[in-house]
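Undergrad: Here it is, the structure in full.
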Amino acid sequence: MKRLNILLDLALIGMGIYMTMEIPEMKMLGIVLILAGIASRITAVSFSPDEPYDERQNEVKIRSGHIAYLISIGYLYLILVLVNLSVIQDIQFALLLALGGQILFFPIALWFVNRRI
């Protein structure tokens, strides 16, 4: 099962890179697939699928969810300020940055909190 998860994550990343580079109409979807593959890989590294679900995992997931939520509020505020100051001119790019941050904050916080506990 572990190898299948790795293959699926690599397939997501590979298809995302292909869509981003070769199909201009599907560039956004390709970037989302890349982010989903990276987030899935980080989450799989944090908790092994063979490891049974216990109280420690629940505590780590709750704490990392709270941290990711607080960081994402500040991150969205920063993106809105950058758009308002015309540093980021393309609204679609700003939305892509916001979506990318939202997708990646939880797995990264999960990885850091799991290492600390």
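Labeling convention for the structure tokens: chains A, B, ... as they appear, residues from 1 per chain, ligands from 1 in order of appearance.
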Write out as a VMD selection string which residues come within 7 Å of range 32-46 of chain A when counting only C-alpha atoms, dropping same-chain ones fewer than 6 positions away.

TA: chain A and resid 9 to 10 12 to 13 16 to 17 100 103 to 104 107 110 to 111 114

Undergrad: Just write the chosen residues, N, CA and C atoms, as a JSON list (two decimals), in the first residue's frame.

TA:
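After the write, selection00.json holds the following:
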```json
[["chain", "number", "residue", "atom", "x", "y", "z"],
["A", 9, "ASP", "N", 1.12, 9.63, -5.69],
["A", 9, "ASP", "CA", 1.63, 10.99, -5.47],
["A", 9, "ASP", "C", 2.51, 11.44, -6.62],
["A", 10, "LEU", "N", 3.39, 10.55, -7.07],
["A", 10, "LEU", "CA", 4.26, 10.89, -8.19],
["A", 10, "LEU", "C", 3.44, 11.08, -9.48],
["A", 12, "LEU", "N", 0.36, 12.26, -9.61],
["A", 12, "LEU", "CA", -0.25, 13.59, -9.49],
["A", 12, "LEU", "C", 0.74, 14.68, -9.85],
["A", 13, "ILE", "N", 1.94, 14.57, -9.31],
["A", 13, "ILE", "CA", 2.96, 15.58, -9.59],
["A", 13, "ILE", "C", 3.35, 15.55, -11.06],
["A", 16, "GLY", "N", 0.58, 16.93, -13.22],
["A", 16, "GLY", "CA", 0.52, 18.38, -13.01],
["A", 16, "GLY", "C", 1.62, 19.11, -13.76],
["A", 17, "ILE", "N", 2.83, 18.55, -13.74],
["A", 17, "ILE", "CA", 3.93, 19.17, -14.48],
["A", 17, "ILE", "C", 3.65, 19.11, -15.98],
["A", 100, "GLY", "N", -2.62, 27.88, -3.25],
["A", 100, "GLY", "CA", -1.41, 27.12, -2.98],
["A", 100, "GLY", "C", -1.03, 27.16, -1.51],
["A", 103, "ILE", "N", -3.49, 25.01, 0.52],
["A", 103, "ILE", "CA", -3.27, 23.57, 0.34],
["A", 103, "ILE", "C", -2.04, 23.11, 1.10],
["A", 104, "LEU", "N", -0.98, 23.91, 1.12],
["A", 104, "LEU", "CA", 0.28, 23.46, 1.69],
["A", 104, "LEU", "C", 0.48, 23.77, 3.16],
["A", 107, "PRO", "N", -0.20, 20.45, 5.65],
["A", 107, "PRO", "CA", 0.82, 19.40, 5.68],
["A", 107, "PRO", "C", 2.16, 19.87, 6.23],
["A", 110, "LEU", "N", 1.74, 20.11, 9.91],
["A", 110, "LEU", "CA", 1.68, 18.74, 10.42],
["A", 110, "LEU", "C", 3.07, 18.14, 10.53],
["A", 111, "TRP", "N", 3.90, 18.38, 9.53],
["A", 111, "TRP", "CA", 5.26, 17.86, 9.54],
["A", 111, "TRP", "C", 6.07, 18.47, 10.68],
["A", 114, "ASN", "N", 4.65, 17.32, 14.21],
["A", 114, "ASN", "CA", 4.96, 15.92, 14.43],
["A", 114, "ASN", "C", 6.42, 15.73, 14.83]]
```

Undergrad: Out of A:Ala11, A:Leu70, A:Val87, A:Val113, which residue has the shortest atom-to-atom distance to Gln57 in chain A when counting only C-alpha atoms?

TA: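 Checking each of A:Ala11, A:Leu70, A:Val87, A:Val113 against Gln57 in chain A, counting only C-alpha atoms, the winner is A:Val113.
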
Undergrad: When you look at Ala98 in chain A with a cut-off of 8 Å (counting only C-alpha atoms), what residues show up, excluding the ones that are within fewer than 3 positions of it in the same chain? I need them as JSON, numbers by chain.

TA: {"A": [75, 76, 79, 94, 95, 101, 102]}

Undergrad: What does the structure give for the distance between CA of Phe93 in chain A and CA of Ser72 in chain A, in Å to one decimal?

TA: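 Distance between the two atoms: 16.9 Å.
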
Undergrad: I'd like to know which of A:Ser86, A:Met15, A:Phe112, A:Leu7 is closest to Lys27 in chain A, using only C-alpha atoms.

TA: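 So, comparing all the options, the nearest one is A:Met15.
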
Undergrad: What is the CA of Ile73 in chain A-CA of Met26 in chain A distance in Å, reported with one decimal?

TA: 28.2 Å
